[in-house]
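A.B. asks: Got target30.cif for you, mmCIF, C-alpha atoms:
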data_query
#
loop_
_atom_site.label_atom_id
_atom_site.label_comp_id
_atom_site.auth_asym_id
_atom_site.auth_seq_id
_atom_site.Cartn_x
_atom_site.Cartn_y
_atom_site.Cartn_z
CA MET A 1 0.00 0.00 0.00
CA ALA A 2 2.80 2.31 0.93
CA ALA A 3 4.39 1.60 -2.43
CA GLU A 4 1.41 3.03 -4.22
CA GLN A 5 1.60 6.31 -2.36
CA GLU A 6 5.19 7.21 -3.00
CA LEU A 7 7.60 4.93 -4.76
CA THR A 8 11.03 5.23 -3.21
CA ALA A 9 13.95 2.86 -3.53
CA THR A 10 13.50 1.72 0.03
CA SER A 11 9.81 1.08 -0.30
CA TYR A 12 10.33 -0.75 -3.61
CA ILE A 13 12.83 -3.13 -2.11
CA GLN A 14 10.93 -3.53 1.11
CA HIS A 15 7.81 -4.28 -0.82
CA HIS A 16 9.55 -7.01 -2.78
CA LEU A 17 11.15 -8.47 0.30
CA SER A 18 8.18 -8.76 2.62
CA PHE A 19 6.56 -12.11 3.12
CA ASN A 20 2.90 -12.80 2.97
CA ALA A 21 2.91 -13.47 6.70
CA GLN A 22 -0.29 -14.65 8.31
CA SER A 23 -0.37 -14.64 12.08
CA VAL A 24 -1.88 -17.73 13.66
CA GLY A 25 -0.96 -17.06 17.29
CA ASP A 26 0.09 -14.43 19.78
CA HIS A 27 3.80 -14.92 19.65
CA PRO A 28 5.70 -13.77 16.50
CA PHE A 29 6.75 -17.41 16.08
CA TRP A 30 3.18 -18.40 15.29
CA THR A 31 3.32 -16.87 11.85
CA LEU A 32 3.05 -18.60 8.53
CA ASN A 33 4.77 -17.30 5.42
CA VAL A 34 1.97 -18.30 3.12
CA ASP A 35 3.95 -17.39 -0.01
CA SER A 36 6.88 -19.72 0.73
CA LEU A 37 4.54 -22.49 1.79
CA VAL A 38 2.20 -22.26 -1.17
CA ILE A 39 4.89 -21.89 -3.82
CA GLY A 40 6.96 -24.66 -2.23
CA ALA A 41 3.98 -26.99 -2.01
CA VAL A 42 2.83 -26.23 -5.56
CA LEU A 43 6.31 -26.81 -6.98
CA GLY A 44 6.81 -29.97 -4.96
CA ILE A 45 3.42 -31.33 -5.96
CA VAL A 46 3.95 -30.49 -9.61
CA ALA A 47 7.39 -32.14 -9.61
CA THR A 48 6.31 -35.30 -7.78
CA ALA A 49 3.11 -35.55 -9.81
CA LEU A 50 5.03 -35.23 -13.07
CA MET A 51 7.56 -37.85 -12.00
CA TRP A 52 4.79 -40.11 -10.71
CA TRP A 53 2.95 -39.79 -14.00
CA VAL A 54 6.05 -40.75 -15.94
CA VAL A 55 7.03 -43.51 -13.53
CA ARG A 56 3.59 -45.11 -13.61
CA GLY A 57 3.90 -45.59 -17.34
CA ALA A 58 7.53 -46.67 -17.11
CA THR A 59 8.63 -49.61 -19.19
CA SER A 60 11.77 -51.67 -19.04
CA GLY A 61 11.71 -51.80 -22.82
CA VAL A 62 12.49 -48.86 -25.05
CA PRO A 63 11.70 -45.72 -23.04
CA ASN A 64 9.97 -42.73 -24.58
CA LYS A 65 11.53 -39.30 -24.33
CA ARG A 66 9.64 -38.37 -21.16
CA GLN A 67 10.81 -41.50 -19.41
CA ALA A 68 14.31 -41.09 -20.78
CA PHE A 69 14.47 -37.61 -19.28
CA VAL A 70 13.31 -38.77 -15.86
CA GLU A 71 15.69 -41.73 -16.08
CA LEU A 72 18.51 -39.35 -16.86
CA LEU A 73 17.68 -37.43 -13.69
CA PHE A 74 17.39 -40.62 -11.66
CA GLY A 75 20.64 -41.94 -13.06
CA PHE A 76 22.42 -38.67 -12.32
CA VAL A 77 21.27 -38.62 -8.69
CA ASP A 78 21.86 -42.34 -8.25
CA ASP A 79 25.41 -42.02 -9.58
CA GLN A 80 26.14 -39.17 -7.17
CA VAL A 81 24.80 -41.21 -4.25
CA LYS A 82 26.68 -44.30 -5.41
CA GLY A 83 29.93 -42.33 -5.44
CA ILE A 84 29.56 -41.20 -1.83
CA PHE A 85 27.42 -43.71 -0.02
CA HIS A 86 28.16 -47.43 -0.02
CA GLY A 87 25.16 -49.33 1.11
CA LYS A 88 21.51 -49.75 0.32
CA ARG A 89 20.32 -46.61 -1.44
CA ASP A 90 16.59 -47.29 -1.08
CA PHE A 91 16.12 -44.22 1.09
CA ILE A 92 19.08 -41.93 0.48
CA ALA A 93 18.82 -41.83 -3.29
CA PRO A 94 15.12 -40.87 -3.47
CA THR A 95 15.72 -38.35 -0.68
CA ALA A 96 18.55 -36.82 -2.67
CA LEU A 97 16.33 -36.76 -5.74
CA THR A 98 13.56 -34.99 -3.83
CA VAL A 99 16.01 -32.47 -2.44
CA PHE A 100 17.56 -31.79 -5.81
CA VAL A 101 14.35 -31.43 -7.77
CA TRP A 102 12.50 -29.42 -5.15
CA VAL A 103 15.36 -27.03 -4.40
CA LEU A 104 16.09 -26.63 -8.10
CA LEU A 105 12.50 -25.67 -8.84
CA MET A 106 12.26 -23.34 -5.85
CA ASN A 107 15.52 -21.67 -6.86
CA ALA A 108 14.35 -21.44 -10.45
CA MET A 109 11.47 -19.22 -9.37
CA ASP A 110 14.12 -16.52 -9.26
CA PHE A 111 14.17 -16.52 -13.06
CA LEU A 112 10.67 -15.14 -13.19
CA PRO A 113 10.79 -11.37 -13.62
CA ALA A 114 10.10 -9.93 -10.17
CA ASP A 115 7.99 -6.97 -11.19
CA ILE A 116 5.82 -8.80 -13.70
CA MET A 117 5.12 -11.44 -11.09
CA ALA A 118 4.36 -8.69 -8.55
CA TRP A 119 1.92 -7.09 -11.01
CA ILE A 120 0.18 -10.45 -11.66
CA LEU A 121 0.02 -11.19 -7.94
CA THR A 122 -1.37 -7.75 -7.18
CA HIS A 123 -3.92 -7.55 -9.96
CA VAL A 124 -4.95 -11.17 -10.41
CA PHE A 125 -4.52 -12.67 -6.95
CA HIS A 126 -4.80 -9.40 -4.98
CA GLN A 127 -1.70 -10.16 -2.96
CA HIS A 128 0.51 -7.14 -2.40
CA GLU A 129 3.19 -8.87 -0.45
CA PHE A 130 4.15 -12.17 -1.95
CA ARG A 131 7.64 -13.56 -2.50
CA ILE A 132 7.91 -16.20 -5.13
CA VAL A 133 11.32 -17.67 -4.25
CA PRO A 134 10.80 -20.04 -1.31
CA THR A 135 14.53 -20.74 -0.95
CA ALA A 136 15.13 -17.03 -0.33
CA ASP A 137 13.13 -17.60 2.83
CA VAL A 138 15.36 -18.72 5.66
CA ASN A 139 12.51 -20.81 7.04
CA THR A 140 12.48 -23.01 3.98
CA THR A 141 16.23 -23.60 3.93
CA PHE A 142 16.27 -24.30 7.65
CA ALA A 143 13.34 -26.65 7.27
CA LEU A 144 15.37 -28.60 4.74
CA SER A 145 18.64 -28.57 6.66
CA LEU A 146 17.05 -29.40 10.01
CA SER A 147 15.17 -32.28 8.39
CA VAL A 148 18.51 -33.49 7.12
CA LEU A 149 19.93 -33.08 10.65
CA LEU A 150 17.09 -35.24 12.00
CA LEU A 151 17.86 -37.83 9.33
CA MET A 152 21.54 -37.73 10.34
CA ILE A 153 20.69 -38.35 13.98
CA TYR A 154 18.15 -41.01 13.04
CA PHE A 155 20.63 -42.90 10.87
CA SER A 156 23.44 -42.51 13.43
CA ILE A 157 21.23 -44.18 16.04
CA ALA A 158 19.81 -46.72 13.60
CA VAL A 159 23.24 -47.83 12.43
CA LYS A 160 25.30 -47.64 15.64
CA GLY A 161 22.57 -47.99 18.25
CA LEU A 162 21.80 -45.38 20.89
CA ARG A 163 24.80 -46.44 22.98
CA GLY A 164 27.10 -46.34 19.99
CA TRP A 165 25.91 -42.88 19.06
CA ILE A 166 26.34 -41.49 22.58
CA HIS A 167 29.71 -43.20 22.84
CA GLU A 168 30.72 -41.51 19.61
CA LEU A 169 29.49 -38.14 20.86
CA PHE A 170 31.89 -38.32 23.80
CA CYS A 171 34.75 -40.43 22.51
CA ALA A 172 35.29 -39.20 18.95
CA PRO A 173 37.28 -37.66 17.44
CA PHE A 174 40.00 -37.10 20.06
CA GLY A 175 39.91 -40.33 22.06
CA SER A 176 38.01 -42.13 24.78
CA HIS A 177 39.97 -40.83 27.79
CA PRO A 178 37.46 -39.43 30.35
CA LEU A 179 39.37 -36.13 30.46
CA LEU A 180 38.71 -35.72 26.74
CA TRP A 181 34.95 -36.30 27.01
CA PRO A 182 33.96 -32.62 27.31
CA PHE A 183 36.16 -31.63 24.38
CA ASN A 184 34.81 -34.41 22.21
CA PHE A 185 31.26 -33.50 23.10
CA LEU A 186 31.88 -29.82 22.45
CA PHE A 187 33.46 -30.63 19.13
CA ASN A 188 30.55 -32.82 18.09
CA LEU A 189 28.08 -30.20 19.27
CA VAL A 190 29.76 -27.58 17.13
CA GLU A 191 29.69 -29.98 14.21
CA TYR A 192 26.01 -30.75 14.68
CA VAL A 193 25.20 -27.04 14.87
CA SER A 194 27.44 -25.89 12.06
CA LYS A 195 26.32 -28.50 9.56
CA PRO A 196 22.67 -27.45 9.27
CA LEU A 197 23.60 -23.80 9.73
CA SER A 198 26.04 -23.71 6.83
CA HIS A 199 23.88 -26.07 4.82
CA SER A 200 20.86 -23.80 4.96
CA LEU A 201 22.52 -20.39 5.02
CA ARG A 202 24.59 -21.15 1.92
CA LEU A 203 21.46 -21.74 -0.11
CA TYR A 204 19.54 -18.92 1.51
CA GLY A 205 22.39 -16.44 1.04
CA ASN A 206 22.83 -17.25 -2.61
CA MET A 207 19.18 -17.00 -3.47
CA TYR A 208 18.58 -13.93 -1.36
CA ALA A 209 21.58 -12.16 -2.88
CA GLY A 210 20.42 -13.10 -6.35
CA GLU A 211 17.01 -11.65 -5.65
CA ILE A 212 18.49 -8.43 -4.26
CA ILE A 213 20.77 -7.95 -7.26
CA PHE A 214 17.82 -8.34 -9.60
CA LEU A 215 15.86 -5.81 -7.56
CA LEU A 216 18.76 -3.33 -7.64
CA LEU A 217 19.05 -3.72 -11.40
CA TRP A 218 15.32 -3.10 -11.88
CA LEU A 219 15.59 -0.14 -9.57
CA TRP A 220 18.30 1.28 -11.76
CA ALA A 221 16.25 0.50 -14.83
CA ALA A 222 13.45 2.68 -13.44
CA THR A 223 15.66 5.77 -13.06
CA SER A 224 16.34 6.78 -16.66
CA LEU A 225 16.60 5.59 -20.24
CA SER A 226 20.31 4.83 -19.95
CA GLY A 227 19.63 3.17 -16.62
CA ALA A 228 17.01 1.00 -18.31
CA PHE A 229 19.45 0.16 -21.09
CA PHE A 230 22.29 -0.87 -18.81
CA GLY A 231 19.90 -2.42 -16.33
CA VAL A 232 18.56 -4.70 -19.06
CA ILE A 233 22.06 -5.67 -20.26
CA LEU A 234 23.27 -6.38 -16.76
CA GLY A 235 19.98 -8.11 -16.01
CA VAL A 236 20.55 -10.49 -18.91
CA GLY A 237 24.10 -11.13 -17.70
CA TRP A 238 23.00 -11.74 -14.15
CA SER A 239 20.15 -14.00 -15.34
CA ILE A 240 22.54 -16.14 -17.32
CA PHE A 241 24.94 -16.28 -14.38
CA HIS A 242 22.01 -17.03 -12.12
CA ILE A 243 21.11 -20.12 -14.17
CA LEU A 244 24.46 -21.50 -13.04
CA ILE A 245 23.88 -20.46 -9.42
CA VAL A 246 20.41 -21.96 -9.28
CA VAL A 247 21.54 -25.34 -10.56
CA LEU A 248 24.81 -25.26 -8.65
CA GLN A 249 23.15 -24.46 -5.34
CA ALA A 250 20.57 -27.19 -5.84
CA TYR A 251 23.40 -29.59 -6.68
CA ILE A 252 25.47 -28.52 -3.67
CA PHE A 253 22.48 -28.84 -1.39
CA MET A 254 21.82 -32.35 -2.66
CA MET A 255 25.48 -33.37 -2.41
CA LEU A 256 25.76 -32.10 1.16
CA THR A 257 22.58 -33.93 2.06
CA ILE A 258 24.07 -37.15 0.74
CA VAL A 259 27.42 -36.50 2.42
CA TYR A 260 25.89 -35.69 5.81
CA ILE A 261 23.60 -38.71 5.78
CA SER A 262 26.35 -41.02 4.63
CA MET A 263 28.70 -39.63 7.30
CA ALA A 264 26.05 -40.52 9.85
CA HIS A 265 26.38 -44.14 8.72
CA GLU A 266 30.10 -44.28 9.40
CA SER A 267 31.27 -45.20 12.86
CA HIS A 268 34.56 -44.03 14.31
CA MET B 1 14.95 -13.12 8.55
CA ASN B 2 12.85 -14.42 11.33
CA ILE B 3 12.24 -18.04 12.13
CA ASN B 4 8.59 -18.90 12.49
CA LEU B 5 6.05 -21.66 12.04
CA THR B 6 6.80 -21.74 8.31
CA LEU B 7 9.88 -23.80 9.16
CA ILE B 8 7.83 -26.61 10.65
CA ALA B 9 5.25 -26.45 7.87
CA GLN B 10 7.96 -26.60 5.19
CA ALA B 11 9.64 -29.47 7.02
CA ILE B 12 6.35 -31.35 6.98
CA SER B 13 5.91 -30.82 3.24
CA PHE B 14 9.52 -31.84 2.72
CA ALA B 15 8.92 -35.04 4.68
CA LEU B 16 5.77 -35.77 2.67
CA PHE B 17 7.58 -35.25 -0.62
CA ILE B 18 10.41 -37.50 0.51
CA LEU B 19 8.02 -40.22 1.63
CA PHE B 20 6.09 -40.06 -1.62
CA THR B 21 9.28 -40.24 -3.66
CA VAL B 22 10.71 -43.08 -1.59
CA LYS B 23 7.50 -45.09 -1.78
CA PHE B 24 5.96 -44.43 -5.15
CA ILE B 25 8.41 -42.74 -7.49
CA TRP B 26 11.86 -44.20 -6.96
CA PRO B 27 11.25 -47.97 -6.78
CA PRO B 28 9.21 -48.54 -10.00
CA LEU B 29 11.51 -46.57 -12.26
CA MET B 30 14.64 -48.01 -10.68
CA LYS B 31 13.16 -51.47 -11.17
CA ALA B 32 12.47 -50.69 -14.81
CA MET B 33 15.99 -49.32 -15.27
CA GLU B 34 17.59 -52.34 -13.63
CA GLU B 35 15.44 -54.68 -15.69
CA ARG B 36 16.53 -52.90 -18.84
CA GLN B 37 20.16 -53.11 -17.77
CA LYS B 38 19.72 -56.83 -17.25
CA GLN B 39 18.02 -57.20 -20.62
CA ILE B 40 20.82 -55.33 -22.32
CA ALA B 41 23.44 -57.41 -20.54
CA ASP B 42 21.61 -60.60 -21.49
CA GLY B 43 21.28 -59.42 -25.07
CA LEU B 44 24.98 -58.64 -25.26
CA ALA B 45 25.84 -62.01 -23.78
CA ALA B 46 23.51 -63.74 -26.24
CA GLY B 47 25.10 -61.80 -29.09
CA GLU B 48 28.55 -62.81 -27.93
CA GLU B 49 27.43 -66.41 -27.67
CA GLY B 50 25.90 -66.27 -31.15
CA LYS B 51 29.12 -64.82 -32.50
CA GLN B 52 31.12 -67.63 -30.94
CA GLN B 53 28.69 -70.21 -32.27
CA LEU B 54 28.95 -68.67 -35.70
CA GLN B 55 32.73 -68.86 -35.51
CA ALA B 56 32.61 -72.48 -34.35
CA SER B 57 30.16 -73.47 -37.05
CA GLY B 58 32.18 -71.62 -39.67
CA LYS B 59 35.22 -73.55 -38.57
CA LEU B 60 33.25 -76.79 -38.67
CA ALA B 61 31.92 -75.95 -42.11
CA SER B 62 35.39 -75.27 -43.50
CA GLU B 63 36.64 -78.49 -41.94
CA GLU B 64 33.77 -80.36 -43.56
CA LEU B 65 34.54 -78.65 -46.83
CA VAL B 66 38.16 -79.72 -46.66
CA LYS B 67 37.09 -83.27 -45.87
CA ALA B 68 34.58 -83.28 -48.69
CA ARG B 69 37.18 -81.97 -51.10
CA ALA B 70 39.62 -84.68 -50.09
CA ARG B 71 36.91 -87.28 -50.47
CA ALA B 72 35.94 -85.95 -53.87
CA ALA B 73 39.56 -85.99 -55.01
CA GLU B 74 39.87 -89.55 -53.77
CA ILE B 75 36.73 -90.56 -55.61
CA ILE B 76 37.93 -88.92 -58.81
CA ALA B 77 41.34 -90.58 -58.56
CA HIS B 78 39.68 -93.91 -57.94
CA ALA B 79 37.36 -93.40 -60.88
CA GLU B 80 40.23 -92.44 -63.12
CA LYS B 81 42.16 -95.46 -62.04
CA ARG B 82 39.14 -97.65 -62.59
CA GLY B 83 38.56 -96.09 -66.01
CA LEU B 84 42.12 -96.76 -67.04
CA GLN B 85 41.83 -100.26 -65.77
CA MET B 86 38.63 -100.79 -67.70
CA ILE B 87 40.18 -99.41 -70.84
CA GLU B 88 43.15 -101.69 -70.36
CA GLU B 89 40.86 -104.65 -69.79
CA ALA B 90 38.82 -103.79 -72.85
CA LYS B 91 41.98 -103.44 -74.88
CA ASN B 92 43.26 -106.78 -73.66
CA SER B 93 40.04 -108.57 -74.30
CA ALA B 94 39.74 -106.97 -77.71
CA LYS B 95 43.26 -107.97 -78.51
CA ALA B 96 42.60 -111.51 -77.31
CA GLU B 97 39.43 -111.64 -79.37
CA GLY B 98 41.26 -110.31 -82.36
CA ASP B 99 44.01 -112.81 -81.87
CA ARG B 100 41.45 -115.54 -81.52
CA LEU B 101 39.72 -114.41 -84.69
CA ILE B 102 42.99 -114.16 -86.52
CA ALA B 103 44.02 -117.59 -85.33
CA GLY B 104 40.65 -119.00 -86.39
CA ALA B 105 40.93 -117.36 -89.75
CA LYS B 106 44.49 -118.56 -90.16
CA SER B 107 43.61 -122.14 -89.31
CA GLU B 108 40.64 -121.92 -91.64
CA ILE B 109 42.90 -120.62 -94.33
CA GLN B 110 45.37 -123.39 -93.58
CA GLN B 111 42.59 -125.92 -93.83
CA GLU B 112 41.40 -124.40 -97.06
CA VAL B 113 44.94 -124.38 -98.36
CA SER B 114 45.58 -127.97 -97.40
CA SER B 115 42.25 -129.14 -98.76
CA ALA B 116 42.91 -127.19 -101.93
CA LYS B 117 46.34 -128.77 -102.07
CA GLU B 118 44.80 -132.15 -101.58
CA ALA B 119 42.27 -131.51 -104.32
CA LEU B 120 44.97 -130.17 -106.59
CA ARG B 121 47.14 -133.10 -105.86
CA GLU B 122 44.26 -135.41 -106.65
CA GLN B 123 43.56 -133.57 -109.86
CA VAL B 124 47.25 -133.42 -110.80
CA ALA B 125 47.59 -137.12 -110.14
CA THR B 126 44.57 -137.83 -112.24
CA LEU B 127 45.86 -135.48 -114.90
CA VAL B 128 49.28 -137.06 -114.79
CA VAL B 129 47.86 -140.52 -115.00
CA SER B 130 45.55 -139.62 -117.81
CA GLY B 131 48.39 -137.72 -119.43
CA ALA B 132 50.62 -140.68 -119.07
CA GLU B 133 47.92 -142.93 -120.33
CA LYS B 134 47.55 -140.74 -123.38
CA ILE B 135 51.29 -140.52 -123.89
CA LEU B 136 51.79 -144.18 -123.63
CA GLN B 137 48.65 -145.01 -125.50
CA ARG B 138 49.28 -148.47 -124.60
CA GLU B 139 47.98 -150.62 -121.98
CA VAL B 140 49.12 -149.69 -118.77
CA ASN B 141 49.33 -152.17 -116.20
CA ALA B 142 47.83 -150.23 -113.44
CA GLN B 143 48.92 -152.75 -111.00
CA ALA B 144 52.47 -152.68 -112.23
CA HIS B 145 52.69 -149.00 -112.27
CA ALA B 146 50.64 -148.30 -109.15
CA GLU B 147 53.69 -148.13 -107.06
CA LEU B 148 55.28 -145.65 -109.41
CA LEU B 149 52.14 -143.56 -109.50
CA ASN B 150 51.86 -143.42 -105.79
CA GLN B 151 55.46 -142.38 -105.62
CA LEU B 152 54.67 -139.55 -108.00
CA LYS B 153 51.66 -138.54 -106.02
CA ARG B 154 53.80 -138.23 -102.95
CA GLU B 155 56.34 -136.11 -104.70
CA LEU B 156 53.70 -133.67 -105.86
#
What does the file become when written as structure tokens?
C.D. replies:
Amino acid sequence: MAAEQELTATSYIQHHLSFNAQSVGDHPFWTLNVDSLVIGAVLGIVATALMWWVVRGATSGVPNKRQAFVELLFGFVDDQVKGIFHGKRDFIAPTALTVFVWVLLMNAMDFLPADIMAWILTHVFHQHEFRIVPTADVNTTFALSLSVLLLMIYFSIAVKGLRGWIHELFCAPFGSHPLLWPFNFLFNLVEYVSKPLSHSLRLYGNMYAGEIIFLLLWLWAATSLSGAFFGVILGVGWSIFHILIVVLQAYIFMMLTIVYISMAHESH
Amino acid sequence: MNINLTLIAQAISFALFILFTVKFIWPPLMKAMEERQKQIADGLAAGEEGKQQLQASGKLASEELVKARARAAEIIAHAEKRGLQMIEEAKNSAKAEGDRLIAGAKSEIQQEVSSAKEALREQVATLVVSGAEKILQREVNAQAHAELLNQLKREL
């Protein structure tokens, strides 16, 4: 609303960076970012539905192009998992696939031109504050990385047993001398905190920065004709570069997921 | 950048997507892919086997061919030998027959000659006697001159 009254640089950026937050409780925690949730769910459902549709008609004979494409994706993910994790891949590989496809699609929302999407959302859906890149929401990236953390802990306990896991918490990596227990535990604690933190913030930072750079370019484009000209050229450059970032970040996120879960399987 | 309930909601959707993928998406396609891999491997193995069989049968065929050639050569040599032998036999028998015929003819001729000689001798003797009778014009004591006549006959 404020943006309609007087359009300043600050209000423009603020407008593009505010979530569609719906409060469901008294505390600020009880808030839902409807935009991240809806876009994430829609993308996830579309991706899984498409894959399901292809997989249901899958044949072991000559595959059609649809199936060949999905098989290419499956083979790519399966090869990555195979290279890192040695064991039954019944769970890890599909998890990695889900992570890759979902994060890739959520990142790819950044390709959509921010202001055109804002116009559509305002005039068709009557939503003034709506961010279309779920991975530029720290909640989404933390949801992913904390889920991976839970999987790490689950697999650690499932593989080594509860005693084995606790033993490892206190006796690795420095040694099992009782004097070393606090240091080992502290070390492991830092590891368990830093893994999801870096995992999620890497993705979030990249996507958020990408979004901001686009917004700055469009802001420049709105200032003058030459600004529009250079804004467009730089926008094309950044878009092309962003294709790399989007895929690379999805790939890195998937690889780290595989690495973390497979590390949880190893005992020291 | 504030953490709120969205985190838990997104984690739930993440978990649902993972479960769906693990249960319904990954296994069927992986099964299909593995089946195809197996089919391809089997096909390649069958092709290899067929190739080997082809090689073996080719070898067998050439061996058979060599054997057949040797056998054919043997048969031809035998036939040639037999032909020569037959020709030789035919020649021999023809020669023998010819000889026999010649011998027959010769003996016949001999017989003819001797019978002709005999007849001539007879006639000459008669002629001589009658000649002598005419020359002498006188009685001839056949009995007295028989011995002389016989002697003449012998000399002829």
A.B. asks: Can you work out the spacing between atom CA of Gly235 of chain A and atom CA of Leu203 of chain A in Å, to one decimal?
C.D. replies: 21.0 Å
A.B. asks: Given the file shown, enumerate the residues that the PyMOL selection byres ((chain B and resi 16) around 12) captures and present them as a ChimeraX atom specification.
C.D. replies: /A:41,44-45,48,95,98-99,147 /B:9-15,17-24
A.B. asks: Using all atoms listed in the file and a cut-off of 6 Å, which residues of chain A sit close to chain B? Please list them as a list in words.
C.D. replies: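 My answer is Phe29, Trp30, Thr31, Leu32, Asn33, Trp52, Val55, Thr59, Ser60, Pro94, Thr95, Thr98, Asn139, Thr140 and Ala143 of chain A.
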A.B. asks: Next, the residues of the selection above should be written as an mmCIF file, in the frame of the given file with C-alpha atoms.
C.D. replies:
data_model
loop_
_atom_site.group_PDB
_atom_site.id
_atom_site.type_symbol
_atom_site.label_atom_id
_atom_site.label_comp_id
_atom_site.auth_asym_id
_atom_site.auth_seq_id
_atom_site.Cartn_x
_atom_site.Cartn_y
_atom_site.Cartn_z
ATOM 1 C CA PHE A 29 6.750 -17.410 16.080
ATOM 2 C CA TRP A 30 3.180 -18.400 15.290
ATOM 3 C CA THR A 31 3.320 -16.870 11.850
ATOM 4 C CA LEU A 32 3.050 -18.600 8.530
ATOM 5 C CA ASN A 33 4.770 -17.300 5.420
ATOM 6 C CA TRP A 52 4.790 -40.110 -10.710
ATOM 7 C CA VAL A 55 7.030 -43.510 -13.530
ATOM 8 C CA THR A 59 8.630 -49.610 -19.190
ATOM 9 C CA SER A 60 11.770 -51.670 -19.040
ATOM 10 C CA PRO A 94 15.120 -40.870 -3.470
ATOM 11 C CA THR A 95 15.720 -38.350 -0.680
ATOM 12 C CA THR A 98 13.560 -34.990 -3.830
ATOM 13 C CA ASN A 139 12.510 -20.810 7.040
ATOM 14 C CA THR A 140 12.480 -23.010 3.980
ATOM 15 C CA ALA A 143 13.340 -26.650 7.270
#
A.B. asks: Find the residues around segment 165-176 of chain A up to 12 Å (only C-alpha atoms counted), leave out those fewer than 3 positions away in its own chain, and share them as a PyMOL selection string.
C.D. replies: chain A and resi 152-162+179-192+264-268
A.B. asks: Those residues you just picked out, can you put them in a file as a PDB file, in the frame of the given file with C-alpha atoms?
C.D. replies:
ATOM      1  CA  MET A 152      21.540 -37.730  10.340  1.00  0.00           C
ATOM      2  CA  ILE A 153      20.690 -38.350  13.980  1.00  0.00           C
ATOM      3  CA  TYR A 154      18.150 -41.010  13.040  1.00  0.00           C
ATOM      4  CA  PHE A 155      20.630 -42.900  10.870  1.00  0.00           C
ATOM      5  CA  SER A 156      23.440 -42.510  13.430  1.00  0.00           C
ATOM      6  CA  ILE A 157      21.230 -44.180  16.040  1.00  0.00           C
ATOM      7  CA  ALA A 158      19.810 -46.720  13.600  1.00  0.00           C
ATOM      8  CA  VAL A 159      23.240 -47.830  12.430  1.00  0.00           C
ATOM      9  CA  LYS A 160      25.300 -47.640  15.640  1.00  0.00           C
ATOM     10  CA  GLY A 161      22.570 -47.990  18.250  1.00  0.00           C
ATOM     11  CA  LEU A 162      21.800 -45.380  20.890  1.00  0.00           C
ATOM     12  CA  LEU A 179      39.370 -36.130  30.460  1.00  0.00           C
ATOM     13  CA  LEU A 180      38.710 -35.720  26.740  1.00  0.00           C
ATOM     14  CA  TRP A 181      34.950 -36.300  27.010  1.00  0.00           C
ATOM     15  CA  PRO A 182      33.960 -32.620  27.310  1.00  0.00           C
ATOM     16  CA  PHE A 183      36.160 -31.630  24.380  1.00  0.00           C
ATOM     17  CA  ASN A 184      34.810 -34.410  22.210  1.00  0.00           C
ATOM     18  CA  PHE A 185      31.260 -33.500  23.100  1.00  0.00           C
ATOM     19  CA  LEU A 186      31.880 -29.820  22.450  1.00  0.00           C
ATOM     20  CA  PHE A 187      33.460 -30.630  19.130  1.00  0.00           C
ATOM     21  CA  ASN A 188      30.550 -32.820  18.090  1.00  0.00           C
ATOM     22  CA  LEU A 189      28.080 -30.200  19.270  1.00  0.00           C
ATOM     23  CA  VAL A 190      29.760 -27.580  17.130  1.00  0.00           C
ATOM     24  CA  GLU A 191      29.690 -29.980  14.210  1.00  0.00           C
ATOM     25  CA  TYR A 192      26.010 -30.750  14.680  1.00  0.00           C
ATOM     26  CA  ALA A 264      26.050 -40.520   9.850  1.00  0.00           C
ATOM     27  CA  HIS A 265      26.380 -44.140   8.720  1.00  0.00           C
ATOM     28  CA  GLU A 266      30.100 -44.280   9.400  1.00  0.00           C
ATOM     29  CA  SER A 267      31.270 -45.200  12.860  1.00  0.00           C
ATOM     30  CA  HIS A 268      34.560 -44.030  14.310  1.00  0.00           C
TER      31      HIS A 268
END
A.B. asks: Please provide as a list in words all residues within 10 Å of Pro113 of chain A, with the sequence filter that same-chain residues fewer than 3 positions apart are discarded (counting only C-alpha atoms).
C.D. replies: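 Near neighbours after the sequence-gap exclusion: Met109, Asp110, Ile116, Met117, Ala118, Phe214, Leu215, Trp218 and Ser239 of chain A.
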A.B. asks: Would you please work out which residue, of B:Lys106, B:Lys117, B:Lys51, B:Lys153, is nearest to Val129 of chain B when using only C-alpha atoms?
C.D. replies: B:Lys153
